[in-house]
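S.K.: Have a look at the structure that comes next, please.
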Amino acid sequence: MFNKLKIRGGVHAEERKAQSTGQPITTLGIPPFLYLPLRQHAGKPAEPVVSVGQSVKKGELLATSSGEDVCASLHAPTSGVVIAIGEVTAPHPSQLGTLAITLESDGLDTPLALSDTVDPMTLSPSEIADRVDQAGIVGLGGATFPAALKLKSGARQKIDTLILNGSECEPYLTCDDMLMRERAEGIISGARLIQRAIGAKRIVAGIEDNKPEAIAAMEEAATPYSDVLVQPIPTRYPMGSAKQLIQAIMGREVPAGGRSSDVGALVHNVATAYAVHQALYEHQPLISRVVTVSGQCIEQPQNVEVLLGTSISWMLEECGGLTEAPSRVVMGGPMMGQILHTTDVPITKGASGILALASPEISKTEASPCIRCGSCVAACPMGLVPLEMARHAKGDDFEGAREFGLRDCILCGSCAYVCPSHIPLVHYFQFAKGELSSQREQARKGELTKSLAEARKQRKEREEAEKAAAKAAKAAKAQAAKEAKERAKAEKARQQAAEAAQTSEESGS
Amino acid sequence: MNQLISSPHAHNRSSVQRTMLLVCAALLPATLYGLYLFGWPAIYLFLLCLATAVLSEAACLKLAGRSLKPCTDGSALLTGWLIAMTLPPWAPWWIALVGTLFAVVIGKHLYGGLGQNLFNPAMLARIGLLISFPVEMTTWVAPTPITSAAAPGVIDSLMITAGLLPIPDGITGASALGYVKTALTMSIPVTESMPQVFDTLNAFTGNMRGSLGETSALLILLGGLFLLYKRVISWHIPVSMLGTLAVLAFVFNLIHPERFEPASFHLLSGAALLGAFFIATDMVTSPTTSSGQLVFGAGVACVTFIIRSWGSFPEAVGFAVLFMNALTPIIDRYFRPRIYGYSYTGKPLKSKE
Amino acid sequence: MITAVAVLTLLGLALGLMLGYADKVFAVEENPIVKEVESMLPGTHCGQCGFTGCGGAAEAMVNGEAQVTCCPPGGRSLAQALAEKLGVSVDLSGMASEAMIAAIDESLCTGCCRCYRVCPTDAILGANKQIHAVFADACTGCEKCLDACPEDCIAMRPEQETLDTWHWPKPAAA
C-alpha cells in the first residue's frame, strides 16, 4: 500500500528549521489588548454577541455564526472588557481594515466556570461535531476552514482514512513539529475523536522524515492504538498540501473538482487535532495557538503559544525583540506566507509563523525575461505549465492562462522558487485569479442589475396599464353619469312637453 | 517596504547568468583541447567570436533603448562560444564576424532578445555560413597541436586568420562524414571508405579533422554529464536524441552495411554529441515539458539521420535542430504534462464510487 | 500561350461572377450579432454611451461606430467579452479599473424621492421624507440619479475596497 509516498515535481527548499527547535514551546503572557477580527476563518464573518463595555470571562463566546453559513465562532482569549467593535488593520498585504472586537484584558484571566464530566469518547459523532463547532475550531494548517463542517460532511461520506497532516513542509516553520514532540498524546487523542466523528477506519499520521523526534514521539503516543499509524514521508515541498499528501499516502489523486473524500480520505492538521482534544477534554475553545517566530532578525528564534488577537509587535518584544530592522516580515512560511507591512496587527487562527527575514534570506532580484528553461514545469506538483500561465496573465489573457491550468494552481510557489529569471510567477497567478474572480463578480452584478431593470420595466408597464385602466374606468363612469343625466333631462323634457300638451288640451277643450 | 510582494519569499538562488556560465564551464574542457589541437588560428577565431557576440549584444540593447545589464548574463557569450565551436578552426576572421553578427542581431535580437527567438542563434549562424560560404566552411585542417613543429606561430596564425596567408595544401581535407559521403557517390562502399578516416579511439579523444570544438567525444561527454549533474539540462533531449540516432544507425547498418555507416560513426562524428548536450538542449528553442523534450530529441535524431544518409550535405545536426526548433511551439502545444486530478485526455479522474 | 491566358481569364471571370452572385443571394438581412450584443449589455438604457438605449449602442458597436469600452456600467469584463464576441482588439487601460457607484450624502438628503424614481435598477431605497440609501450591489453607476437630485447630494465614488474585493495588482513589468 505504501510503496508510492511520492509527489510530482516539488522542490527541496533550504529548511532552516533547526534554529527554532532549540527550546520548548514557551507560553507567552497576556497582552494588555487583544484584537480579534470577526473573520479569522474561510467563510462569512462571525456576528458579535457582546456589546461594547461588557465584561467577559476567558473562553466566553464573543461572536458566532447565524444560521448555516460557513463560519466559526470566536471566544475571549482571556477575561476583560470589550472596549470596541470596529475596524482594525488586517494581517494582510493589502493593509485594509477588518471588523474586530477589541478586548482590554484585566490581567486576572478568570475562566468561565465549566462542569462537564462526560467522557468525550462516548459522545455521538454529531455531538462531537457540535462541540468542535462551539469551540470555534478551524483548520490550523493555514486554510482556516471551519473544522466542524469538515467533520459533518465527513460523517455523511464514506471516509476510510483520516490523514493527520504533520508534514510541515514550509521552511522555517516548526510549530507542528514542536507540538508533535511535546503534545503527541493530545494530538492522537484529538485525532481519535475526529476519527469517531467521521467514522474513519484508521488514522495515518504523515510526517516528513526530517522530523525524527516528532515521528518518535507520535509513534510512542500511537502505540496503544492498532488503527493509528505513523507514516514517515519524504521531505519534499509541497508535501503538506492536502492533495499532495493524499497522493503520497493513498497513492491516489483527488479527482479534479472533487474533494479528498472522493478517494476516501480526510486531512486534518495535527494542530487542529490538538485543538479538538483541548476543546473536548479540557473544555477550552480555540483561544490560542502555537506560532513559530523565526528569521535572521529574531534575537531568539522559537515557538511560542500565544493568545489569539495578540499584537505581533508585542509578541516580538516578548521574544526578545529584533536584532535588526527586517527586510521583510512574513506571516506564514516563506513559500506561501503573506508579506506584512506592519507588525501592529493581531495573530489570527491561521498564523502558523511570523518570520522577520533579513535581506540575505529573501529573493529580491529583479525579474529578467523568461528563457523557457522549463524548470517551473518540472517543479510544478500539479502538472501545470507555469511559464505559459504567466505569459498569458501578463498579456491580460486570463482565459488563456486558465487553459494552461490556472484553476488547478495551488499557489505553492515551487515554480517561482526555481525560476532562474526570478519571474514573480505566483504574483501573476494571484493577479490572474483575482481578475477572473472580479470578472465573475461583475458578471454576477450585471445579471442582477439586468434582472432588476427588467423587473422595473415590467412594473412600470403594469403601473401604466393600471393607470390607463383606472382612467378609462373613470372616463366610462363619467360618461355613464353624463348619459344618465341626459336621459333624465330628456325624460323631464318629455314629461314637461306631455304636461304642456295636456294643459293645452284641457284649456283648448 | 510597502511594496506588494507576493510569495514565495525564498529562492533557490539560480539565475540566468549562473545557468549560462555553467554551460560555458561545461564547454571549457572540449574548447581548451580544441584550441590546443588547432593552435593559434583557432584561438584568434575563438576570441573574435566571443568579442563580437558580446559587443553586438550591447549594440543591439543600446539601439533598442534597453538596459545594458543583460550583456553580462552570459547568453551572448555562450552564443559566440557555440559558434566558435562549430566553425572550421582555421576559418578567416570575416567568417567569425559575419556568423556571430548574424546569430546575435538577426537570430536573437530581431526576434525580441533573450527568450524570444524561435531558432537557435548559433545553429542559424552555422547553417547561414555553410550555405553562403561552402568553401570556407568545409576547409578542415588536420590537427596540428600548438606545441608541434608543424603548427603555425603567433604571427603566421594571425595572418591565417586575417586571410592573408593561404592555408598550406597538405593539411586540409574533408571531415570524416564528408569523406565517406563523397566516397559513396563514387560507389565506394562505407565498409571500405570509413576505416580510412574514422577510428573509434581517435574520434573519442578528438584527434581528427573537424570543427574547433566538436572533435573530442570524450570531453564533450564529460561536459554534458557535468550539466546533467548540475541539473542545468535534463536527460530527456540528449538521451532521446542519441538513443534514436544509435537505433536508426544500427538498424540500417544491419540491413545494408555497405550503404549505411555504423552507429558508432554516427554518434562520434560531426556535431552529434555537441548537438545532443549543448545545442538541442538550448532552453529557449526546445520544448519545456519532458514529454515534449523526448519527442524533440527523437525528431532531431531522425532528421539528422535522414539528411546524413540521403541528403546532399554530409553534416546535418544544424539543419535538424533548426527544423525541430520550428516545430517546438507545436510540440509545446500538444505535449503538456497531465494535470493532477485529470486523466491524460484532460477529463477529471473518477472518484471512488 | 493564348489558350492559357484565355483559360485563366475565363476561369477568373466565372469564379468572380459566382462569388458576386452568392453574395447577393445569401446576403444576411439584419446582422444577428446585434441582438446577441444587446443581450450582453446591462439593459438599463442609462445612456452613458451616448446612444439611445442599449440597443442603439449594440448596433453602433457591431458597425464599428462605438468602442466596446463605451459602456461604463459593464466595466472591463464586459468590454473584454464584447471584444471577444466582435473579434476586435481592446485597450482596457483607459477604462476605470474600479466601478463607480452612487453615494448619498445623508446630511443633505431631503427624502424627495426623485432619485428613487429615476433609478433604472431600483438600487435606491427610501420613502418620502426619509433619507435615501444606495444598495451598492445593484448600482450600475449610470449617474441618472446625479442629475435628478435637486440637493446635489449624490456623488459617484469608487466602490469601497474590502478584503473580499481586494485582488493582487498586476506585477510591475519585467
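Quick note on naming: the chains in the C-alpha cells go A, B, ... in the order shown, residues restart at 1 in each chain, and ligands are numbered from 1 in order of appearance.
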With 6 Å as the cut-off and only C-alpha atoms counted, what is the closest atom pair between each nearby residue of chain C and chain A? Distances in Å to one decimal, ordered by chain and number, as CSV.

M.R.:
```
residue,atom,partner,partner_atom,distance
C:Pro42,CA,A:Lys450,CA,5.5
C:Gly43,CA,A:Lys450,CA,5.7
C:Thr44,CA,A:Ala453,CA,5.7
C:Ser77,CA,A:Gln439,CA,5.3
C:Pro120,CA,A:Ala453,CA,5.5
C:Thr121,CA,A:Ala453,CA,4.6
C:Ala138,CA,A:Thr449,CA,5.4
C:His167,CA,A:Gly434,CA,5.0
C:Trp168,CA,A:Phe431,CA,4.8
C:Pro169,CA,A:Phe431,CA,5.6
C:Lys170,CA,A:Phe431,CA,5.6
C:Ala174,CA,A:Ala367,CA,5.3
```

S.K.: Find the residues around A:Val385 up to 12 Å (only C-alpha atoms counted), leave out those fewer than 5 positions away in its own chain, and share them as a ChimeraX atom specification.

M.R.: /A:9,372-380,390-392,400-409,415,425,429 /B:287-290,332-333,335-339

S.K.: Against chain A, which residues of chain B fall within 6 Å? For each one I want the closest pair of atoms and the distance in Å (one decimal), counting only C-alpha atoms, rows by chain and increasing residue number, as JSON lines.

M.R.:
```
{"residue": "B:Asn2", "atom": "CA", "partner": "A:His341", "partner_atom": "CA", "distance": 5.8}
{"residue": "B:Ser6", "atom": "CA", "partner": "A:His427", "partner_atom": "CA", "distance": 5.2}
{"residue": "B:Ser7", "atom": "CA", "partner": "A:Met336", "partner_atom": "CA", "distance": 5.3}
{"residue": "B:Pro8", "atom": "CA", "partner": "A:Met335", "partner_atom": "CA", "distance": 4.1}
{"residue": "B:His9", "atom": "CA", "partner": "A:Pro334", "partner_atom": "CA", "distance": 4.9}
{"residue": "B:Ala10", "atom": "CA", "partner": "A:Ile362", "partner_atom": "CA", "distance": 5.1}
{"residue": "B:His11", "atom": "CA", "partner": "A:Tyr417", "partner_atom": "CA", "distance": 4.5}
{"residue": "B:Asn12", "atom": "CA", "partner": "A:Val418", "partner_atom": "CA", "distance": 5.7}
{"residue": "B:Ser14", "atom": "CA", "partner": "A:Pro420", "partner_atom": "CA", "distance": 4.9}
{"residue": "B:Ser15", "atom": "CA", "partner": "A:Pro420", "partner_atom": "CA", "distance": 3.9}
{"residue": "B:Val16", "atom": "CA", "partner": "A:Pro420", "partner_atom": "CA", "distance": 5.2}
{"residue": "B:Gly115", "atom": "CA", "partner": "A:Ile371", "partner_atom": "CA", "distance": 4.4}
{"residue": "B:Met283", "atom": "CA", "partner": "A:Cys373", "partner_atom": "CA", "distance": 4.6}
{"residue": "B:Val284", "atom": "CA", "partner": "A:Arg372", "partner_atom": "CA", "distance": 5.0}
{"residue": "B:Thr288", "atom": "CA", "partner": "A:Gly374", "partner_atom": "CA", "distance": 4.4}
{"residue": "B:Pro337", "atom": "CA", "partner": "A:Gly383", "partner_atom": "CA", "distance": 5.2}
{"residue": "B:Arg338", "atom": "CA", "partner": "A:Gly383", "partner_atom": "CA", "distance": 5.6}
{"residue": "B:Ile339", "atom": "CA", "partner": "A:Gly383", "partner_atom": "CA", "distance": 4.4}
{"residue": "B:Tyr340", "atom": "CA", "partner": "A:Met382", "partner_atom": "CA", "distance": 4.8}
{"residue": "B:Gly341", "atom": "CA", "partner": "A:Pro255", "partner_atom": "CA", "distance": 4.2}
{"residue": "B:Tyr342", "atom": "CA", "partner": "A:Ala256", "partner_atom": "CA", "distance": 5.9}
{"residue": "B:Pro348", "atom": "CA", "partner": "A:Ala256", "partner_atom": "CA", "distance": 4.9}
{"residue": "B:Leu349", "atom": "CA", "partner": "A:Pro255", "partner_atom": "CA", "distance": 4.6}
{"residue": "B:Ser351", "atom": "CA", "partner": "A:Asp262", "partner_atom": "CA", "distance": 5.0}
{"residue": "B:Lys352", "atom": "CA", "partner": "A:Val263", "partner_atom": "CA", "distance": 5.4}
```

S.K.: I'd like a table as a tab-separated table: residues in chain B with an atom no more than 12 Å from chain C, each row giving the shortest atom pair and its distance in Å to one decimal, only C-alpha atoms counted, sorted by chain and rising residue number.

M.R.:
```
residue	atom	partner	partner_atom	distance
B:Gln3	CA	C:Pro171	CA	10.6
B:Leu4	CA	C:Trp168	CA	8.2
B:Ile5	CA	C:Pro171	CA	8.7
B:Ser6	CA	C:Trp168	CA	8.5
B:Ser7	CA	C:Trp168	CA	11.6
B:Arg66	CA	C:Ala174	CA	11.8
B:Ser67	CA	C:Ala174	CA	11.7
```

S.K.: In Å, how far is it from atom CA of A:Glu87 to atom CA of A:Ala42?

M.R.: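 Value for the atom CA of A:Glu87-atom CA of A:Ala42 distance: 18.7 Å.
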
S.K.: To one decimal in Å, tell me the separation between atom CA of B:Ala58 and atom CA of B:Ala25.

M.R.: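 Interatomic distance here is 22.3 Å.
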
S.K.: Could you pull out the strand (DSSP E or B) residues of stretch 88-324 of chain A from DSSP and send them as a ChimeraX atom specification?

M.R.: /A:88-89,97-105,111,138,146,161-166,202-208,228-233,237,265-269,288-294,298,302-307,311,322

S.K.: Keeping only C-alpha atoms, write the selected residues as a PDB file, in the first residue's frame.

M.R.:
```
ATOM      1  CA  VAL A  88      -8.568  47.312  12.779  1.00  0.00           C
ATOM      2  CA  THR A  89      -5.808  46.720  10.238  1.00  0.00           C
ATOM      3  CA  GLY A  97      -9.313  47.195   7.631  1.00  0.00           C
ATOM      4  CA  THR A  98     -11.378  44.376   9.032  1.00  0.00           C
ATOM      5  CA  LEU A  99     -14.089  44.346  11.685  1.00  0.00           C
ATOM      6  CA  ALA A 100     -12.763  43.202  15.017  1.00  0.00           C
ATOM      7  CA  ILE A 101     -13.607  43.050  18.682  1.00  0.00           C
ATOM      8  CA  THR A 102     -11.056  44.801  20.859  1.00  0.00           C
ATOM      9  CA  LEU A 103     -10.677  43.394  24.335  1.00  0.00           C
ATOM     10  CA  GLU A 104      -8.853  45.073  27.181  1.00  0.00           C
ATOM     11  CA  SER A 105      -7.593  42.356  29.451  1.00  0.00           C
ATOM     12  CA  PRO A 111     -12.130  31.406  33.345  1.00  0.00           C
ATOM     13  CA  VAL A 138     -10.705  25.918  12.205  1.00  0.00           C
ATOM     14  CA  PRO A 146     -14.148  25.531   9.949  1.00  0.00           C
ATOM     15  CA  THR A 161      -8.664   7.079   6.307  1.00  0.00           C
ATOM     16  CA  LEU A 162      -8.161  10.116   8.492  1.00  0.00           C
ATOM     17  CA  ILE A 163      -4.852  11.609   7.450  1.00  0.00           C
ATOM     18  CA  LEU A 164      -3.119  13.665  10.106  1.00  0.00           C
ATOM     19  CA  ASN A 165      -1.038  16.283   8.380  1.00  0.00           C
ATOM     20  CA  GLY A 166       2.237  16.607  10.232  1.00  0.00           C
ATOM     21  CA  ARG A 202      -7.899   4.164  10.520  1.00  0.00           C
ATOM     22  CA  ILE A 203      -5.658   7.133  11.162  1.00  0.00           C
ATOM     23  CA  VAL A 204      -2.444   7.741   9.266  1.00  0.00           C
ATOM     24  CA  ALA A 205      -0.154  10.484  10.533  1.00  0.00           C
ATOM     25  CA  GLY A 206       2.030  11.670   7.665  1.00  0.00           C
ATOM     26  CA  ILE A 207       5.223  13.255   8.993  1.00  0.00           C
ATOM     27  CA  GLU A 208       8.173  14.344   6.831  1.00  0.00           C
ATOM     28  CA  VAL A 228      -3.252   4.583  14.263  1.00  0.00           C
ATOM     29  CA  LEU A 229      -0.221   4.505  12.002  1.00  0.00           C
ATOM     30  CA  VAL A 230       2.644   6.964  11.904  1.00  0.00           C
ATOM     31  CA  GLN A 231       3.955   7.157   8.379  1.00  0.00           C
ATOM     32  CA  PRO A 232       7.251   8.927   7.688  1.00  0.00           C
ATOM     33  CA  ILE A 233       7.123  10.554   4.258  1.00  0.00           C
ATOM     34  CA  TYR A 237       7.801  20.752  -0.633  1.00  0.00           C
ATOM     35  CA  ALA A 265      -9.676  10.361   2.875  1.00  0.00           C
ATOM     36  CA  LEU A 266      -9.974  13.401   5.081  1.00  0.00           C
ATOM     37  CA  VAL A 267      -6.972  15.506   6.020  1.00  0.00           C
ATOM     38  CA  HIS A 268      -6.648  17.371   9.297  1.00  0.00           C
ATOM     39  CA  ASN A 269      -3.650  19.213  10.593  1.00  0.00           C
ATOM     40  CA  SER A 288      -4.538  30.319  21.493  1.00  0.00           C
ATOM     41  CA  ARG A 289      -2.171  28.694  19.069  1.00  0.00           C
ATOM     42  CA  VAL A 290       1.487  27.797  18.670  1.00  0.00           C
ATOM     43  CA  VAL A 291       3.375  30.201  16.404  1.00  0.00           C
ATOM     44  CA  THR A 292       6.910  29.857  15.082  1.00  0.00           C
ATOM     45  CA  VAL A 293       8.866  33.078  15.495  1.00  0.00           C
ATOM     46  CA  SER A 294      11.946  32.872  13.343  1.00  0.00           C
ATOM     47  CA  ILE A 298      14.862  37.490  15.609  1.00  0.00           C
ATOM     48  CA  GLN A 302      11.488  29.802  19.000  1.00  0.00           C
ATOM     49  CA  ASN A 303       7.951  28.526  19.163  1.00  0.00           C
ATOM     50  CA  VAL A 304       5.512  30.342  21.365  1.00  0.00           C
ATOM     51  CA  GLU A 305       1.969  29.663  22.408  1.00  0.00           C
ATOM     52  CA  VAL A 306       0.128  32.954  22.111  1.00  0.00           C
ATOM     53  CA  LEU A 307      -3.427  34.088  22.682  1.00  0.00           C
ATOM     54  CA  SER A 311      -0.408  42.076  18.525  1.00  0.00           C
ATOM     55  CA  LEU A 322      14.562  42.210  16.790  1.00  0.00           C
TER      56      LEU A 322
END
```

S.K.: At what distance in Å, to one decimal, does atom CA of B:Phe38 lie from atom CA of B:Glu261?

M.R.: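 That distance, rounded to one decimal, is 27.0 Å.
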
S.K.: When DSSP is applied to the backbone of this structure, which of stretch 134-353 of chain B are assigned alpha helix (DSSP H)? Write them out as an NGL selection string.

M.R.: :B and (134-137 or 154-162 or 176-185 or 190-197 or 200-205 or 217-229 or 236-255 or 263-268 or 272-274 or 290-310 or 317-334)

S.K.: Selection from above, C-alpha atoms, as a short mmCIF file (atom, residue, chain, number, x, y, z; two decimals), in the first residue's frame, can you write it?

M.R.:
```cif
data_model
loop_
_atom_site.label_atom_id
_atom_site.label_comp_id
_atom_site.auth_asym_id
_atom_site.auth_seq_id
_atom_site.Cartn_x
_atom_site.Cartn_y
_atom_site.Cartn_z
CA PRO B 134 30.57 26.48 -48.59
CA VAL B 135 34.29 26.51 -49.38
CA GLU B 136 35.46 28.31 -46.27
CA MET B 137 33.06 26.33 -44.12
CA VAL B 154 51.74 33.52 -33.32
CA ILE B 155 52.30 35.91 -36.23
CA ASP B 156 51.70 33.39 -39.02
CA SER B 157 48.50 32.38 -37.31
CA LEU B 158 47.36 35.97 -37.20
CA MET B 159 47.97 36.12 -40.95
CA ILE B 160 45.97 32.91 -41.48
CA THR B 161 43.02 34.24 -39.51
CA ALA B 162 43.30 37.56 -41.34
CA ALA B 176 35.04 12.02 -41.86
CA LEU B 177 31.37 12.47 -42.64
CA GLY B 178 32.19 14.32 -45.86
CA TYR B 179 34.81 11.79 -46.94
CA VAL B 180 32.50 8.84 -46.57
CA LYS B 181 29.68 10.69 -48.32
CA THR B 182 31.89 11.58 -51.27
CA ALA B 183 33.15 8.02 -51.44
CA LEU B 184 29.58 6.76 -51.56
CA THR B 185 28.83 8.97 -54.56
CA VAL B 190 31.14 2.55 -46.47
CA THR B 191 32.96 -0.52 -45.26
CA GLU B 192 35.90 0.46 -47.44
CA SER B 193 35.99 4.25 -47.09
CA MET B 194 35.22 4.58 -43.42
CA PRO B 195 38.28 2.86 -41.96
CA GLN B 196 40.49 5.31 -43.89
CA VAL B 197 39.19 8.35 -42.00
CA THR B 200 36.80 4.96 -32.86
CA LEU B 201 39.60 5.74 -30.42
CA ASN B 202 40.71 8.87 -32.27
CA ALA B 203 37.13 10.01 -32.58
CA PHE B 204 36.73 9.54 -28.88
CA THR B 205 39.76 11.60 -27.99
CA ALA B 217 33.67 12.99 -27.93
CA LEU B 218 35.10 12.24 -24.51
CA LEU B 219 35.42 15.85 -23.39
CA ILE B 220 32.03 16.82 -24.75
CA LEU B 221 30.50 13.87 -22.96
CA LEU B 222 32.22 14.99 -19.76
CA GLY B 223 30.82 18.48 -20.15
CA GLY B 224 27.38 17.08 -20.84
CA LEU B 225 27.48 14.89 -17.76
CA PHE B 226 28.56 17.91 -15.73
CA LEU B 227 25.48 19.81 -16.96
CA LEU B 228 23.26 16.86 -16.09
CA TYR B 229 24.84 16.64 -12.66
CA HIS B 236 15.45 13.86 -21.91
CA ILE B 237 16.83 15.53 -25.01
CA PRO B 238 20.37 14.01 -25.02
CA VAL B 239 19.14 10.51 -24.27
CA SER B 240 16.30 10.58 -26.73
CA MET B 241 18.43 12.15 -29.46
CA LEU B 242 21.48 9.91 -29.09
CA GLY B 243 19.33 6.84 -28.47
CA THR B 244 17.21 7.39 -31.55
CA LEU B 245 20.26 8.11 -33.68
CA ALA B 246 22.00 4.98 -32.44
CA VAL B 247 18.99 2.78 -33.01
CA LEU B 248 18.36 4.14 -36.51
CA ALA B 249 22.01 3.79 -37.49
CA PHE B 250 22.26 0.33 -36.00
CA VAL B 251 19.18 -0.98 -37.79
CA PHE B 252 20.09 0.46 -41.18
CA ASN B 253 23.69 -0.63 -40.84
CA LEU B 254 22.48 -4.13 -40.06
CA ILE B 255 20.33 -4.15 -43.18
CA ALA B 263 26.08 3.69 -35.03
CA SER B 264 29.49 4.48 -33.54
CA PHE B 265 30.36 6.53 -36.60
CA HIS B 266 27.11 8.47 -36.40
CA LEU B 267 27.45 9.18 -32.71
CA LEU B 268 31.12 10.11 -32.65
CA ALA B 272 26.09 14.70 -32.83
CA LEU B 273 27.39 14.80 -29.26
CA LEU B 274 27.83 18.56 -29.09
CA SER B 290 9.74 16.38 -20.53
CA SER B 291 7.49 14.51 -22.94
CA GLY B 292 7.94 17.28 -25.47
CA GLN B 293 11.69 17.09 -25.00
CA LEU B 294 11.69 13.36 -25.74
CA VAL B 295 9.81 14.00 -28.95
CA PHE B 296 12.12 16.88 -29.82
CA GLY B 297 15.29 14.82 -29.29
CA ALA B 298 13.97 11.93 -31.34
CA GLY B 299 12.96 14.37 -34.08
CA VAL B 300 16.41 15.91 -34.23
CA ALA B 301 17.93 12.43 -34.49
CA CYS B 302 15.58 11.35 -37.28
CA VAL B 303 16.16 14.46 -39.37
CA THR B 304 19.89 14.19 -38.79
CA PHE B 305 19.95 10.58 -39.89
CA ILE B 306 17.82 11.25 -42.96
CA ILE B 307 19.96 14.15 -44.16
CA ARG B 308 23.21 12.38 -43.40
CA SER B 309 22.09 9.26 -45.25
CA TRP B 310 20.17 10.64 -48.18
CA VAL B 317 22.75 18.32 -36.90
CA GLY B 318 22.41 22.05 -37.57
CA PHE B 319 19.61 21.57 -40.08
CA ALA B 320 17.90 19.06 -37.85
CA VAL B 321 18.00 21.35 -34.82
CA LEU B 322 16.60 24.27 -36.80
CA PHE B 323 13.89 22.09 -38.27
CA MET B 324 12.81 20.88 -34.85
CA ASN B 325 13.08 24.43 -33.44
CA ALA B 326 10.36 25.39 -35.88
CA LEU B 327 8.22 22.58 -34.52
CA THR B 328 8.82 23.48 -30.87
CA PRO B 329 5.69 25.64 -30.48
CA ILE B 330 3.57 22.82 -31.85
CA ILE B 331 5.25 20.25 -29.62
CA ASP B 332 4.70 22.54 -26.64
CA ARG B 333 1.07 22.83 -27.56
CA TYR B 334 0.38 19.13 -27.76
#
```

S.K.: Can you work out which one of B:Phe277, B:Phe313, B:Trp140, B:Trp93 has the shortest atom-to-atom distance to B:Leu212, counting only C-alpha atoms?

M.R.: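 Nearest candidate to B:Leu212 out of B:Phe277, B:Phe313, B:Trp140, B:Trp93: B:Trp140.
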
S.K.: Leaving out stretch 183-199 of chain A and any residue of its chain fewer than 6 positions from it, which residues lie within 10 Å of it when counting only C-alpha atoms, given as JSON, numbers by chain?

M.R.: {"A": [120, 121, 122, 123, 124, 125, 126, 127, 128, 129, 132, 147, 148, 150, 151, 152, 153, 154, 155, 156, 157, 158, 159, 160, 161, 162, 163, 164, 176, 177, 205, 214, 215, 216, 217, 218, 219, 220, 221, 222, 225, 227, 228, 266, 268, 269, 270, 271, 272, 273, 274, 275, 276, 277, 278, 279, 280, 281]}

S.K.: Which is closer to C:Gln160 than all the others in C:Ala102, C:Leu146, C:Ala133, C:Ala123, using only C-alpha atoms?

M.R.: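 Ranking C:Ala102, C:Leu146, C:Ala133, C:Ala123 by distance to C:Gln160, first place goes to C:Ala102.
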
S.K.: Please provide the set of residues having any atom within 9 Å of C:Met61, restricted to only C-alpha atoms, with same-chain residues fewer than 2 positions apart removed, written as a list in words.

M.R.: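 What passes the distance filter is Val34, Val37, Gly56, Ala57, Ala58, Glu59, Asn63, Gly64, Glu65, Ala66, Gln67, Val68, Cys70, Leu82 and Leu86 of chain C.
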
S.K.: Using N, CA and C atoms, can you write the selected residues to a file as a CSV table (one decimal), in the first residue's frame?

M.R.:
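The resulting file, out10.csv, is reproduced below:
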```
chain,number,residue,atom,x,y,z
C,34,VAL,N,-26.2,41.8,-33.6
C,34,VAL,CA,-26.7,43.0,-32.9
C,34,VAL,C,-27.5,42.5,-31.7
C,37,VAL,N,-25.3,41.0,-29.0
C,37,VAL,CA,-24.5,42.0,-28.3
C,37,VAL,C,-25.5,42.7,-27.3
C,56,GLY,N,-29.3,50.7,-29.3
C,56,GLY,CA,-28.5,51.6,-30.1
C,56,GLY,C,-27.0,51.4,-30.0
C,57,ALA,N,-26.6,51.2,-28.8
C,57,ALA,CA,-25.2,51.0,-28.5
C,57,ALA,C,-24.7,49.7,-29.2
C,58,ALA,N,-25.5,48.7,-29.1
C,58,ALA,CA,-25.2,47.4,-29.6
C,58,ALA,C,-25.0,47.5,-31.1
C,59,GLU,N,-25.9,48.2,-31.8
C,59,GLU,CA,-25.8,48.4,-33.2
C,59,GLU,C,-24.5,49.1,-33.6
C,63,ASN,N,-21.4,47.9,-35.8
C,63,ASN,CA,-21.0,48.6,-37.0
C,63,ASN,C,-19.6,49.3,-36.9
C,64,GLY,N,-19.0,49.1,-35.7
C,64,GLY,CA,-17.7,49.7,-35.5
C,64,GLY,C,-17.7,51.2,-35.2
C,65,GLU,N,-18.9,51.7,-35.0
C,65,GLU,CA,-19.0,53.2,-34.7
C,65,GLU,C,-18.8,53.5,-33.2
C,66,ALA,N,-18.9,52.5,-32.4
C,66,ALA,CA,-18.6,52.7,-31.0
C,66,ALA,C,-17.6,51.7,-30.5
C,67,GLN,N,-16.8,52.1,-29.5
C,67,GLN,CA,-15.8,51.3,-28.9
C,67,GLN,C,-16.5,50.3,-28.0
C,68,VAL,N,-15.9,49.1,-27.9
C,68,VAL,CA,-16.5,48.1,-26.9
C,68,VAL,C,-16.3,48.6,-25.5
C,70,CYS,N,-17.2,51.5,-24.4
C,70,CYS,CA,-18.0,52.7,-24.2
C,70,CYS,C,-19.1,52.5,-23.1
C,82,LEU,N,-17.1,41.6,-25.0
C,82,LEU,CA,-17.6,42.2,-26.3
C,82,LEU,C,-16.5,42.1,-27.3
C,86,LEU,N,-16.9,40.3,-30.8
C,86,LEU,CA,-16.8,41.0,-32.1
C,86,LEU,C,-15.5,40.8,-32.8
```

S.K.: Out of B:Phe46, B:Ile131, B:Thr139, B:Leu165, which residue has the shortest atom-to-atom distance to B:Leu28 when counting only C-alpha atoms?

M.R.: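 Of B:Phe46, B:Ile131, B:Thr139, B:Leu165, the one nearest B:Leu28, counting only C-alpha atoms, is B:Phe46.
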